[in-house]
Amino acid sequence: MMAAFPGEAKQKPPEDRPMDFILVHTGDCSESCIQWISAEGEITSDSPKRLKALLKRLKGKKLPVVFQSYGGAVNGALAIGRLIRAAGLETAVGRTTLNDCPMLDRRCTQKIVRNGWSEGEVTSAGSYCYSACPLAFAGGTVRAGAGISLIGLHQVTNGRKSADYGTPGKRNLDAISTRSDVALKRKLSVYFTEMGIKPDEMFAMMGLAAPDGMHFLSNIEAMKSGLITKESNYSNEPGFVFYATDAQPTDAVAN
């Protein structure tokens, strides 16, 4: 049996921590560097407040928001998406690795600089955006994804599946939630339309997943629906926004 380090047992896995938004850059920004907002963790009702506080400190500086998340609260995701769109920011699916973090916790809390900029790298490889995460991702003015990143949709969990709404554990292509909810479907339809995404295409992909499953989007599906507007590649990874000497990191606080 392996002994845990002090405090290790109490720390949640990275994917189960509440979503936070941190500023990250690569290299020495005295010449040029890559800068982005890393958004990782579970989306909660407090997540929009965290993003709003960070955007306020950025004072209009536009950085791409790079997501990696298993999802979370639908309303929180919609609020995040609208904040991103109002700020005119791009989004991408990508994995952020901070310098000197352990392999099993690549974005470790010990290396997050709360009063400035963390240092690290970003890549599409091995990244994911599931469940409610694509709703937040949808807020980007440009939305970048890659074949080596995964985007997954499923029915919204809003209670136990009712007998008249399909057989539990089986697909119902008309179902976008575990229980029929006209108001929820209308809310999502309005949101997708605001973001320039085809509601019917999104609903069809949500319906392709069983209630306890996930439908992983192909790039063709993501592009056809409008969820992705740009394909990333190795020469254009998420976060690849270069800033020269006259645009060094600000004193913004990462929440």
# chains A, B, ... in the order shown; residues from 1 in each chain; ligands from 1
>>> select_by_dssp(residues="region 134-221 of chain A", states="strand (DSSP E or B)", output="list in words")
Arg143, Ala144, Gly145, Leu150, Ile151, Gly152, Leu153, Val156, Asp164, Gly166, Ser177, His215 and Phe216 of chain A
>>> write_last_selection(atoms="N, CA, C and O atoms", output="PDB file, in the first residue's frame")
ATOM      1  N   ARG A 143     -14.569  29.252 -33.173  1.00  0.00           N
ATOM      2  CA  ARG A 143     -14.537  28.075 -32.306  1.00  0.00           C
ATOM      3  C   ARG A 143     -13.667  27.009 -32.959  1.00  0.00           C
ATOM      4  O   ARG A 143     -14.026  26.441 -33.989  1.00  0.00           O
ATOM      5  N   ALA A 144     -12.523  26.749 -32.353  1.00  0.00           N
ATOM      6  CA  ALA A 144     -11.531  25.864 -32.955  1.00  0.00           C
ATOM      7  C   ALA A 144     -11.525  24.501 -32.272  1.00  0.00           C
ATOM      8  O   ALA A 144     -11.564  24.395 -31.048  1.00  0.00           O
ATOM      9  N   GLY A 145     -11.496  23.462 -33.078  1.00  0.00           N
ATOM     10  CA  GLY A 145     -11.369  22.100 -32.594  1.00  0.00           C
ATOM     11  C   GLY A 145     -10.477  21.314 -33.526  1.00  0.00           C
ATOM     12  O   GLY A 145     -10.175  21.753 -34.634  1.00  0.00           O
ATOM     13  N   LEU A 150     -11.588  15.779 -28.309  1.00  0.00           N
ATOM     14  CA  LEU A 150     -12.902  15.145 -28.297  1.00  0.00           C
ATOM     15  C   LEU A 150     -13.974  16.100 -27.788  1.00  0.00           C
ATOM     16  O   LEU A 150     -13.799  16.755 -26.762  1.00  0.00           O
ATOM     17  N   ILE A 151     -15.082  16.181 -28.529  1.00  0.00           N
ATOM     18  CA  ILE A 151     -16.250  16.927 -28.095  1.00  0.00           C
ATOM     19  C   ILE A 151     -17.398  15.930 -27.979  1.00  0.00           C
ATOM     20  O   ILE A 151     -17.649  15.154 -28.910  1.00  0.00           O
ATOM     21  N   GLY A 152     -18.057  15.919 -26.833  1.00  0.00           N
ATOM     22  CA  GLY A 152     -19.119  14.954 -26.603  1.00  0.00           C
ATOM     23  C   GLY A 152     -20.406  15.609 -26.130  1.00  0.00           C
ATOM     24  O   GLY A 152     -20.375  16.520 -25.298  1.00  0.00           O
ATOM     25  N   LEU A 153     -21.529  15.148 -26.668  1.00  0.00           N
ATOM     26  CA  LEU A 153     -22.850  15.646 -26.280  1.00  0.00           C
ATOM     27  C   LEU A 153     -23.705  14.494 -25.777  1.00  0.00           C
ATOM     28  O   LEU A 153     -23.542  13.347 -26.203  1.00  0.00           O
ATOM     29  N   VAL A 156     -29.553  16.215 -21.660  1.00  0.00           N
ATOM     30  CA  VAL A 156     -29.463  16.942 -20.397  1.00  0.00           C
ATOM     31  C   VAL A 156     -30.167  16.124 -19.313  1.00  0.00           C
ATOM     32  O   VAL A 156     -31.279  15.648 -19.509  1.00  0.00           O
ATOM     33  N   ASP A 164     -43.057   7.405 -20.781  1.00  0.00           N
ATOM     34  CA  ASP A 164     -43.597   7.849 -22.065  1.00  0.00           C
ATOM     35  C   ASP A 164     -42.601   8.659 -22.885  1.00  0.00           C
ATOM     36  O   ASP A 164     -42.949   9.280 -23.875  1.00  0.00           O
ATOM     37  N   GLY A 166     -39.557   7.310 -23.993  1.00  0.00           N
ATOM     38  CA  GLY A 166     -38.570   6.388 -24.548  1.00  0.00           C
ATOM     39  C   GLY A 166     -38.159   5.359 -23.515  1.00  0.00           C
ATOM     40  O   GLY A 166     -38.419   5.486 -22.327  1.00  0.00           O
ATOM     41  N   SER A 177     -33.255  15.682 -23.424  1.00  0.00           N
ATOM     42  CA  SER A 177     -33.134  15.640 -21.959  1.00  0.00           C
ATOM     43  C   SER A 177     -33.757  14.341 -21.463  1.00  0.00           C
ATOM     44  O   SER A 177     -34.506  13.680 -22.192  1.00  0.00           O
ATOM     45  N   HIS A 215     -22.423  10.983 -27.147  1.00  0.00           N
ATOM     46  CA  HIS A 215     -22.183  10.954 -28.588  1.00  0.00           C
ATOM     47  C   HIS A 215     -20.974  11.832 -28.874  1.00  0.00           C
ATOM     48  O   HIS A 215     -20.989  13.033 -28.615  1.00  0.00           O
ATOM     49  N   PHE A 216     -19.914  11.205 -29.392  1.00  0.00           N
ATOM     50  CA  PHE A 216     -18.692  11.940 -29.706  1.00  0.00           C
ATOM     51  C   PHE A 216     -18.781  12.454 -31.145  1.00  0.00           C
ATOM     52  O   PHE A 216     -18.969  11.676 -32.075  1.00  0.00           O
TER      53      PHE A 216
END
>>> residues_around(residues="Ser232 (chain A)", least_positions_apart="5", cutoff="12 Å", atoms="only C-alpha atoms", output="ChimeraX atom specification")
/A:91-94,123-125,142-149,219,237-240
>>> closest_residue(among="A:Glu42, A:Asp181, A:Glu221, A:Asp174", to="Ala209 (chain A)", atoms="only C-alpha atoms")
A:Asp174
>>> residues_around(residues="region 38-41 of chain A", least_positions_apart="3", cutoff="9 Å", atoms="only C-alpha atoms", output="MDAnalysis selection string")
chainID A and resid 14:24 51 64:72 94:96 107 122 239
>>> residues_around(residues="Ala138 (chain A)", least_positions_apart="3", cutoff="7 Å", atoms="only C-alpha atoms", output="JSON, numbers by chain")
{"A": [81, 134, 135, 143, 195, 227]}
>>> write_last_selection(atoms="C-alpha atoms", output="tab-separated table (two decimals), in the first residue's frame")
chain	number	residue	atom	x	y	z
A	81	GLY	CA	-20.88	31.35	-23.38
A	134	PRO	CA	-19.73	22.50	-25.60
A	135	LEU	CA	-22.46	24.97	-24.57
A	143	ARG	CA	-14.54	28.07	-32.31
A	195	MET	CA	-24.28	31.73	-31.32
A	227	LEU	CA	-20.28	24.25	-33.39
>>> select_by_dssp(residues="region 34-230 of chain A", states="alpha helix (DSSP H)", output="ChimeraX atom specification")
/A:47-58,74-87,133-137,182-194,199-207,219-225
>>> closest_atom_pairs(of="region 90-177 of chain A", to="region 201-206 of chain A", cutoff="7 Å", atoms="only C-alpha atoms", output="tab-separated table")
residue	atom	partner	partner_atom	distance
A:Leu153	CA	A:Met206	CA	5.4
A:His154	CA	A:Met206	CA	4.6
A:Gln155	CA	A:Met206	CA	5.3
A:Leu173	CA	A:Ala204	CA	6.2
A:Ile176	CA	A:Met206	CA	5.6
>>> write_last_selection(atoms="N, CA, C and O atoms", output="PDB file, in the first residue's frame")
ATOM      1  N   LEU A 153     -21.529  15.148 -26.668  1.00  0.00           N
ATOM      2  CA  LEU A 153     -22.850  15.646 -26.280  1.00  0.00           C
ATOM      3  C   LEU A 153     -23.705  14.494 -25.777  1.00  0.00           C
ATOM      4  O   LEU A 153     -23.542  13.347 -26.203  1.00  0.00           O
ATOM      5  N   HIS A 154     -24.636  14.804 -24.878  1.00  0.00           N
ATOM      6  CA  HIS A 154     -25.626  13.826 -24.460  1.00  0.00           C
ATOM      7  C   HIS A 154     -26.889  14.545 -24.019  1.00  0.00           C
ATOM      8  O   HIS A 154     -26.953  15.773 -24.014  1.00  0.00           O
ATOM      9  N   GLN A 155     -27.895  13.795 -23.640  1.00  0.00           N
ATOM     10  CA  GLN A 155     -29.132  14.379 -23.165  1.00  0.00           C
ATOM     11  C   GLN A 155     -28.890  15.095 -21.834  1.00  0.00           C
ATOM     12  O   GLN A 155     -28.116  14.631 -20.998  1.00  0.00           O
ATOM     13  N   LEU A 173     -34.184   9.725 -30.539  1.00  0.00           N
ATOM     14  CA  LEU A 173     -33.623  10.804 -31.345  1.00  0.00           C
ATOM     15  C   LEU A 173     -34.351  12.124 -31.180  1.00  0.00           C
ATOM     16  O   LEU A 173     -33.853  13.165 -31.587  1.00  0.00           O
ATOM     17  N   ILE A 176     -33.780  15.509 -25.994  1.00  0.00           N
ATOM     18  CA  ILE A 176     -32.564  16.260 -25.685  1.00  0.00           C
ATOM     19  C   ILE A 176     -32.349  16.337 -24.172  1.00  0.00           C
ATOM     20  O   ILE A 176     -31.406  16.938 -23.708  1.00  0.00           O
TER      21      ILE A 176
END
>>> closest_residue(among="A:Pro13, A:Asp28, A:Asn75, A:Gly116", to="Leu104 (chain A)", atoms="only C-alpha atoms")
A:Pro13
>>> residues_around(residues="Arg85 (chain A)", least_positions_apart="4", cutoff="7 Å", atoms="only C-alpha atoms", output="MDAnalysis selection string")
chainID A and resid 81 89 139:141
